[in-house]
Amino acid sequence: MLLEKGITKIRQEKPLIHVITNPVTCNDCANVLLAIGASPVMAEDPAEVAEITQRCDSLVLNLGMLNSLKKEAMVLAGKKANQKRIPVVFDPVGVGASSFRLRAAKELMEQVRFTAIRGNASEVLTLLHGEGREKGVDASEADSFGDDLPEDVKKELCMFSRRTGAVLMLSGKTDYIVSGAQIAMVKNGSAWLGRITGTGCQLSAMLGAFLAVSQGHFFQAAVSGACAMGISGEIAEGSLRTGEGSGTFHVRLLDALSLLDDKTICDNSWVLEEGT
Amino acid sequence: MLLEKGITKIRQEKPLIHVITNPVTCNDCANVLLAIGASPVMAEDPAEVAEITQRCDSLVLNLGMLNSLKKEAMVLAGKKANQKRIPVVFDPVGVGASSFRLRAAKELMEQVRFTAIRGNASEVLTLLHGEGREKGVDASEADSFGDDLPEDVKKELCMFSRRTGAVLMLSGKTDYIVSGAQIAMVKNGSAWLGRITGTGCQLSAMLGAFLAVSQGHFFQAAVSGACAMGISGEIAEGSLRTGEGSGTFHVRLLDALSLLDDKTICDNSWVLEEGT
Amino acid sequence: MLLEKGITKIRQEKPLIHVITNPVTCNDCANVLLAIGASPVMAEDPAEVAEITQRCDSLVLNLGMLNSLKKEAMVLAGKKANQKRIPVVFDPVGVGASSFRLRAAKELMEQVRFTAIRGNASEVLTLLHGEGREKGVDASEADSFGDDLPEDVKKELCMFSRRTGAVLMLSGKTDYIVSGAQIAMVKNGSAWLGRITGTGCQLSAMLGAFLAVSQGHFFQAAVSGACAMGISGEIAEGSLRTGEGSGTFHVRLLDALSLLDDKTICDNSWVLEEGT
């Protein structure tokens with residue numbers, strides 16, 4: 001269920017990924033894409049985004065540090081990507097944190113067809129329920145599903161995936177990837193990934209690269225992306241010596257991604273699959 | 001005069017810190033907060049900041065790369081923080097560098113009550129005098145006070161602290177922390193902290209975390225924050241080997257912060273205190 | 001043809017460099033300037049840029065992630081720099097990628113006199129031809145000139161340099177520096193420089209520092225800047241051990257820049273020169 005030769009294809013085809021994201025993680029997103037062999041472009045002014053997307057192989061939209069101008073740019077870029085039929089990833093960062101973001105997310109969901117949606121459990125479930133933490137799902141509760149997503153939540157996710165046509169990825173200790181009736185659970189990862197900022201944003205950006213070379217195998221591309229990040233996290237954690245912490249982990253994560261190949265993914269992936 | 005179990009409390013309570021800062025240092029600020037166990041959120045659009053602040057445990061306002069929209073967001077977030085009675089840190093980056101920033105700083109000082117104000121000597125003295133370098137204090141002169149802040153300046157700072165109700169921190173070779181009549185001098189630190197960008201912004205962000213768990217012991221929280229950064233700088237400097245410079249220092253600083261505990265702070269802090 | 005004691009002068013004079021750039025690379029630009037001994041300031045609001053430029057020793061304008069407000073700020077800062085007669089560097093990032101950027105670049109070229117223009121081959125040639133990829137030069141073709149810039153292109157560059165009065169730098173496997181009839185080729189460098197984001201932006205920022213201390217020897221300053229980055233890249237690459245990749249390269253590049261001295265540049269520079 002991995003994308004065959006995913007990393008090899010990315011390194012050969014060097015897909016150009018348009019990422020509209022936030023100042024906190026944009027440097028890391030660009031470096032992660034370069035590390036796996038893709039090319040990033042981060043334009044975000046409404047005056048040029050459609051023209052930029054036009055030349056790209058996939059688009060990644062990230063809600064972090066949203067503002068009105070960027071939302072307008074995301075709609076324009078998203079529509080162009082749909083028109084050009086290239087994959088579009090949505091990362092609804094903090095969608096439950098303000099009504100401004102929730103409204104923007106709803107508008108984006110209405111205006112743009114997404115190929116994949118990636119967030120933590122509470123973010124994806126907030127999108128699904130169309131309401132924030134106060135009225136709907138509690139973030140900490142949702143995030144604590146951990147290894148054990150309840151059956152009714154799985155069914156809701158499958159329906160949400162069918163309704164939107166998007167592959168869903170809920171990142172956490174276990175990553176859940178849902179596409180229609182298919183569910184994969186990726187158990188790779190490291191607790192250190194949560195101790196540096198932006199590894200979620202980076203995974204969404206990487207997802208853009210895997211989807212770009214997937215020739216329509218979106219589910220496999222998403223599973224491969226989750227494995228690539230999880231395994232690189234394991235390699236980085238395994239390299240830490242006494243006195244080394246989150247600074248060194250960050251560096252080694254990028255090292256691991258830049259040296260990653262399909263054999264390493266294949267040999268180390270830990271994926272469980274089920275249908276509903 | 002250190003905050004008892006400051007780091008332990010941050011790691012246990014995981015306070016949520018709203019930081020409105022600049023693109024140069026926002027990634028570092030987020031990583032430093034995660035390293036010491038807090039959670040960062042960096043929203044800065046006026047449309048959502050009040051709602052974000054509402055959920056946070058403290059707020060940090062940083063003038064770096066100021067623009068009009070961000071200033072508006074800072075006022076809204078600051079008022080909400082005051083209303084919610086959570087600590088607010090002000091970092092008047094480059095306040096003497098333009099009349100735009102000086103006016104914005106004055107407006108913020110009028111509209112928002114700050115729990116702590118942290119900057120280099122010239123920035124804090126520019127705030128105190130309400131005028132920039134041309135007419136008022138000379139930056140390089142002010143910054144060169146070094147280990148020896150003149151008595152009249154100390155008195156002015158004490159009065160400024162009383163008038164504003166804020167703990168003042170003047171960072172430099174020696175960090176001065178002033179609260180009413182109390183003055184502490186933190187002698188920890190490393191010259192390397194000045195050779196990478198944003199360690200001042202990072203200290204302000206960390207201050208937000210220490211204040212959030214301080215239960216009103218703001219002076220002790222500020223002293224602890226200054227010690228935490230200074231000691232981590234010493235650890236990072238001590239680890240440098242031949243051929244290693246500012247890149248490695250940056251990584252090891254984050255390593256040290258992510259491994260820091262209260263015993264290390266207690267055993268290595270070098271603080272002198274005096275009253276006026 | 002190197003600037004005599006370039007790095008020494010930067011470390012002694014600590015020139016203040018105003019950089020208007022993009023969120024992806026602004027942190028790296030600031031750290032690179034600090035590493036070689038200069039001081040960065042990144043203000044970009046039209047309300048304050050002229051006042052900031054007024055106090056600086058050179059100005060660097062970078063088109064990455066351009067927006068309308070930033071373009072306005074660039075014009076204001078550029079005019080102030082011209083008026084104050086300090087060096088101005090232009091980095092036309094992605095100028096061929098959208099008509100918005102091309103128009104902005106043309107406006108900047110009309111309103112501001114540049115001391116140096118640095119980009120990859122396709123960016124500089126797009127500026128030269130005044131049109132983007134679709135109608136004019138093909139980016140990938142231009143970038144593949146590699147070690148062998150055709151004679152007619154060299155002549156065009158010399159004329160473009162004369163017409164604009166700017167030193168041109170085309171970065172690539174070989175860096176071409178063109179000033180009037182003078183052409184220098186810098187062969188220093190590492191393939192790893194292209195595997196992390198923003199090394200072009202960083203070189204442009206560094207160029208601002210070399211020009212600031214050059215006392216009018218702009219061609220030599222540009223050659224020295226290219227050598228400084230290329231040699232630091234070689235040192236960083238040479239330090240990589242098994243399992244280390246782009247994360248470690250990034251750290252070691254900054255290490256090398258922070259330890260760089262004029263003797264290292266002099267002993268390791270690989271520069272060929274020709275006149276036309």
# chains A, B, ... in the order shown; residues from 1 in each chain; ligands from 1
$ closest_atom_pairs --of "chain C" --to "chain A" --cutoff "7 Å" --atoms "only C-alpha atoms" --output "JSON lines"
{"residue": "C:Pro23", "atom": "CA", "partner": "A:Pro23", "partner_atom": "CA", "distance": 5.5}
{"residue": "C:Val24", "atom": "CA", "partner": "A:Asn27", "partner_atom": "CA", "distance": 4.5}
{"residue": "C:Thr25", "atom": "CA", "partner": "A:Asn27", "partner_atom": "CA", "distance": 6.5}
{"residue": "C:Met65", "atom": "CA", "partner": "A:Ala43", "partner_atom": "CA", "distance": 4.9}
{"residue": "C:Asn67", "atom": "CA", "partner": "A:Asp45", "partner_atom": "CA", "distance": 5.6}
{"residue": "C:Ala97", "atom": "CA", "partner": "A:Ile52", "partner_atom": "CA", "distance": 6.4}
{"residue": "C:Ser98", "atom": "CA", "partner": "A:Glu51", "partner_atom": "CA", "distance": 6.0}
{"residue": "C:Phe100", "atom": "CA", "partner": "A:Glu48", "partner_atom": "CA", "distance": 5.9}
{"residue": "C:Arg195", "atom": "CA", "partner": "A:Leu34", "partner_atom": "CA", "distance": 5.7}
{"residue": "C:Ile196", "atom": "CA", "partner": "A:Asn31", "partner_atom": "CA", "distance": 5.5}
{"residue": "C:Thr197", "atom": "CA", "partner": "A:Asn31", "partner_atom": "CA", "distance": 5.6}
{"residue": "C:Glu244", "atom": "CA", "partner": "A:Asp255", "partner_atom": "CA", "distance": 5.4}
{"residue": "C:Gly245", "atom": "CA", "partner": "A:Asp255", "partner_atom": "CA", "distance": 4.1}
{"residue": "C:Ser246", "atom": "CA", "partner": "A:Asp255", "partner_atom": "CA", "distance": 5.3}
{"residue": "C:Gly247", "atom": "CA", "partner": "A:Val251", "partner_atom": "CA", "distance": 4.5}
{"residue": "C:Thr248", "atom": "CA", "partner": "A:Val251", "partner_atom": "CA", "distance": 5.9}
$ select_by_dssp --residues "range 67-136 of chain C" --states "helix (DSSP H, G or I)" --output "ChimeraX atom specification"
/C:68-84,99-111,121-129
$ write_last_selection --atoms "N, CA and C atoms" --output "JSON list (two decimals), in the first residue's frame"
[["chain", "number", "residue", "atom", "x", "y", "z"],
["C", 68, "SER", "N", 2.21, 43.90, -2.80],
["C", 68, "SER", "CA", 2.13, 45.30, -3.24],
["C", 68, "SER", "C", 2.73, 46.25, -2.21],
["C", 69, "LEU", "N", 2.48, 45.96, -0.94],
["C", 69, "LEU", "CA", 2.96, 46.84, 0.12],
["C", 69, "LEU", "C", 4.49, 46.81, 0.16],
["C", 70, "LYS", "N", 5.04, 45.62, -0.01],
["C", 70, "LYS", "CA", 6.50, 45.47, 0.05],
["C", 70, "LYS", "C", 7.14, 46.15, -1.15],
["C", 71, "LYS", "N", 6.48, 46.08, -2.29],
["C", 71, "LYS", "CA", 7.02, 46.76, -3.47],
["C", 71, "LYS", "C", 7.09, 48.25, -3.23],
["C", 72, "GLU", "N", 6.04, 48.79, -2.64],
["C", 72, "GLU", "CA", 6.01, 50.22, -2.31],
["C", 72, "GLU", "C", 7.16, 50.56, -1.35],
["C", 73, "ALA", "N", 7.35, 49.69, -0.37],
["C", 73, "ALA", "CA", 8.44, 49.91, 0.60],
["C", 73, "ALA", "C", 9.80, 49.88, -0.10],
["C", 74, "MET", "N", 9.95, 48.97, -1.06],
["C", 74, "MET", "CA", 11.23, 48.85, -1.76],
["C", 74, "MET", "C", 11.55, 50.12, -2.54],
["C", 75, "VAL", "N", 10.53, 50.68, -3.19],
["C", 75, "VAL", "CA", 10.76, 51.92, -3.94],
["C", 75, "VAL", "C", 11.20, 53.03, -3.00],
["C", 76, "LEU", "N", 10.50, 53.18, -1.87],
["C", 76, "LEU", "CA", 10.83, 54.23, -0.91],
["C", 76, "LEU", "C", 12.24, 54.05, -0.35],
["C", 77, "ALA", "N", 12.55, 52.82, 0.05],
["C", 77, "ALA", "CA", 13.88, 52.55, 0.62],
["C", 77, "ALA", "C", 14.96, 52.75, -0.44],
["C", 78, "GLY", "N", 14.68, 52.28, -1.66],
["C", 78, "GLY", "CA", 15.66, 52.40, -2.74],
["C", 78, "GLY", "C", 15.98, 53.86, -3.07],
["C", 79, "LYS", "N", 14.93, 54.68, -3.13],
["C", 79, "LYS", "CA", 15.17, 56.11, -3.42],
["C", 79, "LYS", "C", 15.98, 56.77, -2.32],
["C", 80, "LYS", "N", 15.66, 56.43, -1.07],
["C", 80, "LYS", "CA", 16.41, 56.98, 0.05],
["C", 80, "LYS", "C", 17.88, 56.54, -0.03],
["C", 81, "ALA", "N", 18.11, 55.29, -0.38],
["C", 81, "ALA", "CA", 19.48, 54.78, -0.47],
["C", 81, "ALA", "C", 20.25, 55.51, -1.58],
["C", 82, "ASN", "N", 19.59, 55.72, -2.71],
["C", 82, "ASN", "CA", 20.22, 56.47, -3.81],
["C", 82, "ASN", "C", 20.57, 57.89, -3.36],
["C", 83, "GLN", "N", 19.63, 58.49, -2.68],
["C", 83, "GLN", "CA", 19.82, 59.86, -2.20],
["C", 83, "GLN", "C", 20.98, 59.92, -1.21],
["C", 84, "LYS", "N", 21.07, 58.90, -0.37],
["C", 84, "LYS", "CA", 22.13, 58.85, 0.65],
["C", 84, "LYS", "C", 23.43, 58.30, 0.07],
["C", 99, "SER", "N", 3.81, 37.82, -14.13],
["C", 99, "SER", "CA", 3.84, 39.16, -14.72],
["C", 99, "SER", "C", 3.85, 40.22, -13.62],
["C", 100, "PHE", "N", 3.28, 39.90, -12.46],
["C", 100, "PHE", "CA", 3.29, 40.81, -11.31],
["C", 100, "PHE", "C", 4.73, 41.12, -10.89],
["C", 101, "ARG", "N", 5.54, 40.09, -10.80],
["C", 101, "ARG", "CA", 6.94, 40.32, -10.41],
["C", 101, "ARG", "C", 7.74, 41.03, -11.49],
["C", 102, "LEU", "N", 7.47, 40.65, -12.74],
["C", 102, "LEU", "CA", 8.21, 41.29, -13.83],
["C", 102, "LEU", "C", 7.91, 42.79, -13.88],
["C", 103, "ARG", "N", 6.61, 43.13, -13.73],
["C", 103, "ARG", "CA", 6.25, 44.56, -13.71],
["C", 103, "ARG", "C", 6.91, 45.27, -12.53],
["C", 104, "ALA", "N", 6.90, 44.61, -11.37],
["C", 104, "ALA", "CA", 7.52, 45.23, -10.19],
["C", 104, "ALA", "C", 9.01, 45.42, -10.40],
["C", 105, "ALA", "N", 9.65, 44.44, -11.00],
["C", 105, "ALA", "CA", 11.09, 44.54, -11.25],
["C", 105, "ALA", "C", 11.40, 45.70, -12.18],
["C", 106, "LYS", "N", 10.57, 45.83, -13.24],
["C", 106, "LYS", "CA", 10.78, 46.94, -14.17],
["C", 106, "LYS", "C", 10.62, 48.28, -13.47],
["C", 107, "GLU", "N", 9.59, 48.37, -12.62],
["C", 107, "GLU", "CA", 9.36, 49.62, -11.90],
["C", 107, "GLU", "C", 10.55, 49.93, -11.00],
["C", 108, "LEU", "N", 11.04, 48.91, -10.31],
["C", 108, "LEU", "CA", 12.19, 49.12, -9.42],
["C", 108, "LEU", "C", 13.42, 49.56, -10.23],
["C", 109, "MET", "N", 13.63, 48.94, -11.39],
["C", 109, "MET", "CA", 14.79, 49.30, -12.22],
["C", 109, "MET", "C", 14.68, 50.76, -12.71],
["C", 110, "GLU", "N", 13.45, 51.21, -12.91],
["C", 110, "GLU", "CA", 13.26, 52.60, -13.36],
["C", 110, "GLU", "C", 13.45, 53.60, -12.22],
["C", 111, "GLN", "N", 12.99, 53.21, -11.03],
["C", 111, "GLN", "CA", 12.96, 54.16, -9.91],
["C", 111, "GLN", "C", 14.24, 54.17, -9.07],
["C", 121, "ALA", "N", 20.99, 32.62, -13.62],
["C", 121, "ALA", "CA", 21.13, 33.10, -14.99],
["C", 121, "ALA", "C", 19.78, 33.50, -15.58],
["C", 122, "SER", "N", 18.75, 32.67, -15.37],
["C", 122, "SER", "CA", 17.47, 32.99, -16.02],
["C", 122, "SER", "C", 16.86, 34.25, -15.45],
["C", 123, "GLU", "N", 17.05, 34.49, -14.16],
["C", 123, "GLU", "CA", 16.49, 35.72, -13.56],
["C", 123, "GLU", "C", 17.16, 36.97, -14.14],
["C", 124, "VAL", "N", 18.49, 36.94, -14.18],
["C", 124, "VAL", "CA", 19.20, 38.12, -14.69],
["C", 124, "VAL", "C", 18.89, 38.32, -16.17],
["C", 125, "LEU", "N", 18.80, 37.23, -16.93],
["C", 125, "LEU", "CA", 18.51, 37.36, -18.36],
["C", 125, "LEU", "C", 17.06, 37.80, -18.60],
["C", 126, "THR", "N", 16.15, 37.41, -17.72],
["C", 126, "THR", "CA", 14.78, 37.90, -17.83],
["C", 126, "THR", "C", 14.75, 39.42, -17.63],
["C", 127, "LEU", "N", 15.49, 39.88, -16.63],
["C", 127, "LEU", "CA", 15.60, 41.34, -16.41],
["C", 127, "LEU", "C", 16.16, 42.03, -17.64],
["C", 128, "LEU", "N", 17.22, 41.44, -18.17],
["C", 128, "LEU", "CA", 17.91, 42.01, -19.32],
["C", 128, "LEU", "C", 16.97, 42.13, -20.52],
["C", 129, "HIS", "N", 16.22, 41.06, -20.77],
["C", 129, "HIS", "CA", 15.34, 41.05, -21.94],
["C", 129, "HIS", "C", 14.01, 41.74, -21.66]]
$ residues_around --residues "Ser214 in chain C" --least-positions-apart "5" --cutoff "9 Å" --atoms "only C-alpha atoms" --output "tab-separated table (two decimals) with C-alpha atoms, in the first residue's frame"
chain	number	residue	atom	x	y	z
C	3	LEU	CA	38.40	43.12	-2.04
C	4	GLU	CA	41.39	43.65	0.22
C	6	GLY	CA	36.90	42.50	3.02
C	9	LYS	CA	36.61	45.36	7.44
C	209	ALA	CA	27.85	43.84	3.56
C	220	GLN	CA	35.98	43.26	-6.16
C	221	ALA	CA	33.35	43.28	-3.42
$ atom_distance --atom1 "CA of Phe90 in chain A" --atom2 "CA of Asp261 in chain A"
25.7 Å
$ residues_around --residues "range 170-178 of chain B" --least-positions-apart "6" --cutoff "9 Å" --atoms "only C-alpha atoms" --output "PyMOL selection string"
chain B and resi 117-124+143-149+154+157-158+161+184-191+200+219+222-223+226
$ select_by_dssp --residues "range 20-218 of chain A" --states "strand (DSSP E)" --output "PyMOL selection string"
chain A and resi 20+39-41+58-62+88-91+116-120+167-171+175-179+182-186
$ write_last_selection --atoms "C-alpha atoms" --output "PDB file, in the first residue's frame"
ATOM      1  CA  ILE A  20       0.887  28.864   0.711  1.00  0.00           C
ATOM      2  CA  SER A  39      11.178  22.230  -5.633  1.00  0.00           C
ATOM      3  CA  PRO A  40       9.207  24.680  -3.471  1.00  0.00           C
ATOM      4  CA  VAL A  41       7.644  27.997  -4.443  1.00  0.00           C
ATOM      5  CA  SER A  58       0.696  20.409  -6.877  1.00  0.00           C
ATOM      6  CA  LEU A  59      -0.610  22.967  -4.398  1.00  0.00           C
ATOM      7  CA  VAL A  60      -0.541  22.978  -0.578  1.00  0.00           C
ATOM      8  CA  LEU A  61      -2.810  25.330   1.410  1.00  0.00           C
ATOM      9  CA  ASN A  62      -2.025  25.844   5.107  1.00  0.00           C
ATOM     10  CA  VAL A  88      -4.334  20.081  -3.759  1.00  0.00           C
ATOM     11  CA  VAL A  89      -3.518  19.470  -0.072  1.00  0.00           C
ATOM     12  CA  PHE A  90      -5.383  21.268   2.715  1.00  0.00           C
ATOM     13  CA  ASP A  91      -3.835  21.668   6.172  1.00  0.00           C
ATOM     14  CA  ALA A 116      -5.998  15.380   0.569  1.00  0.00           C
ATOM     15  CA  ILE A 117      -6.722  16.955   3.947  1.00  0.00           C
ATOM     16  CA  ARG A 118      -4.120  16.580   6.700  1.00  0.00           C
ATOM     17  CA  GLY A 119      -4.302  17.767  10.279  1.00  0.00           C
ATOM     18  CA  ASN A 120      -4.367  16.483  13.831  1.00  0.00           C
ATOM     19  CA  VAL A 167      -7.930  11.384   1.246  1.00  0.00           C
ATOM     20  CA  LEU A 168      -7.904  12.274   4.963  1.00  0.00           C
ATOM     21  CA  MET A 169      -4.841  12.083   7.164  1.00  0.00           C
ATOM     22  CA  LEU A 170      -5.156  12.448  10.940  1.00  0.00           C
ATOM     23  CA  SER A 171      -1.649  12.791  12.330  1.00  0.00           C
ATOM     24  CA  ASP A 175      -1.421   8.412  11.718  1.00  0.00           C
ATOM     25  CA  TYR A 176      -4.802   7.443  10.249  1.00  0.00           C
ATOM     26  CA  ILE A 177      -5.168   7.689   6.482  1.00  0.00           C
ATOM     27  CA  VAL A 178      -8.734   7.350   5.201  1.00  0.00           C
ATOM     28  CA  SER A 179      -9.887   7.122   1.582  1.00  0.00           C
ATOM     29  CA  GLN A 182      -9.974   2.203   3.033  1.00  0.00           C
ATOM     30  CA  ILE A 183      -8.186   2.953   6.287  1.00  0.00           C
ATOM     31  CA  ALA A 184      -4.443   2.689   6.894  1.00  0.00           C
ATOM     32  CA  MET A 185      -2.696   3.212  10.217  1.00  0.00           C
ATOM     33  CA  VAL A 186       0.923   4.316  10.176  1.00  0.00           C
TER      34      VAL A 186
END
$ atom_distance --atom1 "CA of Pro15 in chain C" --atom2 "CA of Ala205 in chain B"
28.1 Å
$ closest_residue --among "C:Gly165, C:Gly230, C:Gly243, C:Gly208" --to "Asp57 in chain C" --atoms "only C-alpha atoms"
C:Gly208
$ residues_around --residues "Gly225 in chain C" --least-positions-apart "6" --cutoff "8 Å" --atoms "only C-alpha atoms" --output "mmCIF file with N, CA and C atoms, in the first residue's frame"
data_model
loop_
_atom_site.group_PDB
_atom_site.id
_atom_site.type_symbol
_atom_site.label_atom_id
_atom_site.label_comp_id
_atom_site.auth_asym_id
_atom_site.auth_seq_id
_atom_site.Cartn_x
_atom_site.Cartn_y
_atom_site.Cartn_z
ATOM 1 N N LEU C 203 23.407 35.058 -0.173
ATOM 2 C CA LEU C 203 24.534 35.651 -0.900
ATOM 3 C C LEU C 203 24.246 37.120 -1.231
ATOM 4 N N MET C 206 24.768 39.075 1.923
ATOM 5 C CA MET C 206 26.209 39.211 2.175
ATOM 6 C C MET C 206 26.840 40.232 1.259
ATOM 7 N N LEU C 207 26.375 40.237 0.010
ATOM 8 C CA LEU C 207 26.864 41.197 -0.966
ATOM 9 C C LEU C 207 26.654 42.618 -0.440
ATOM 10 N N PHE C 210 29.554 43.317 1.881
ATOM 11 C CA PHE C 210 30.834 43.537 1.189
ATOM 12 C C PHE C 210 30.842 44.895 0.476
#
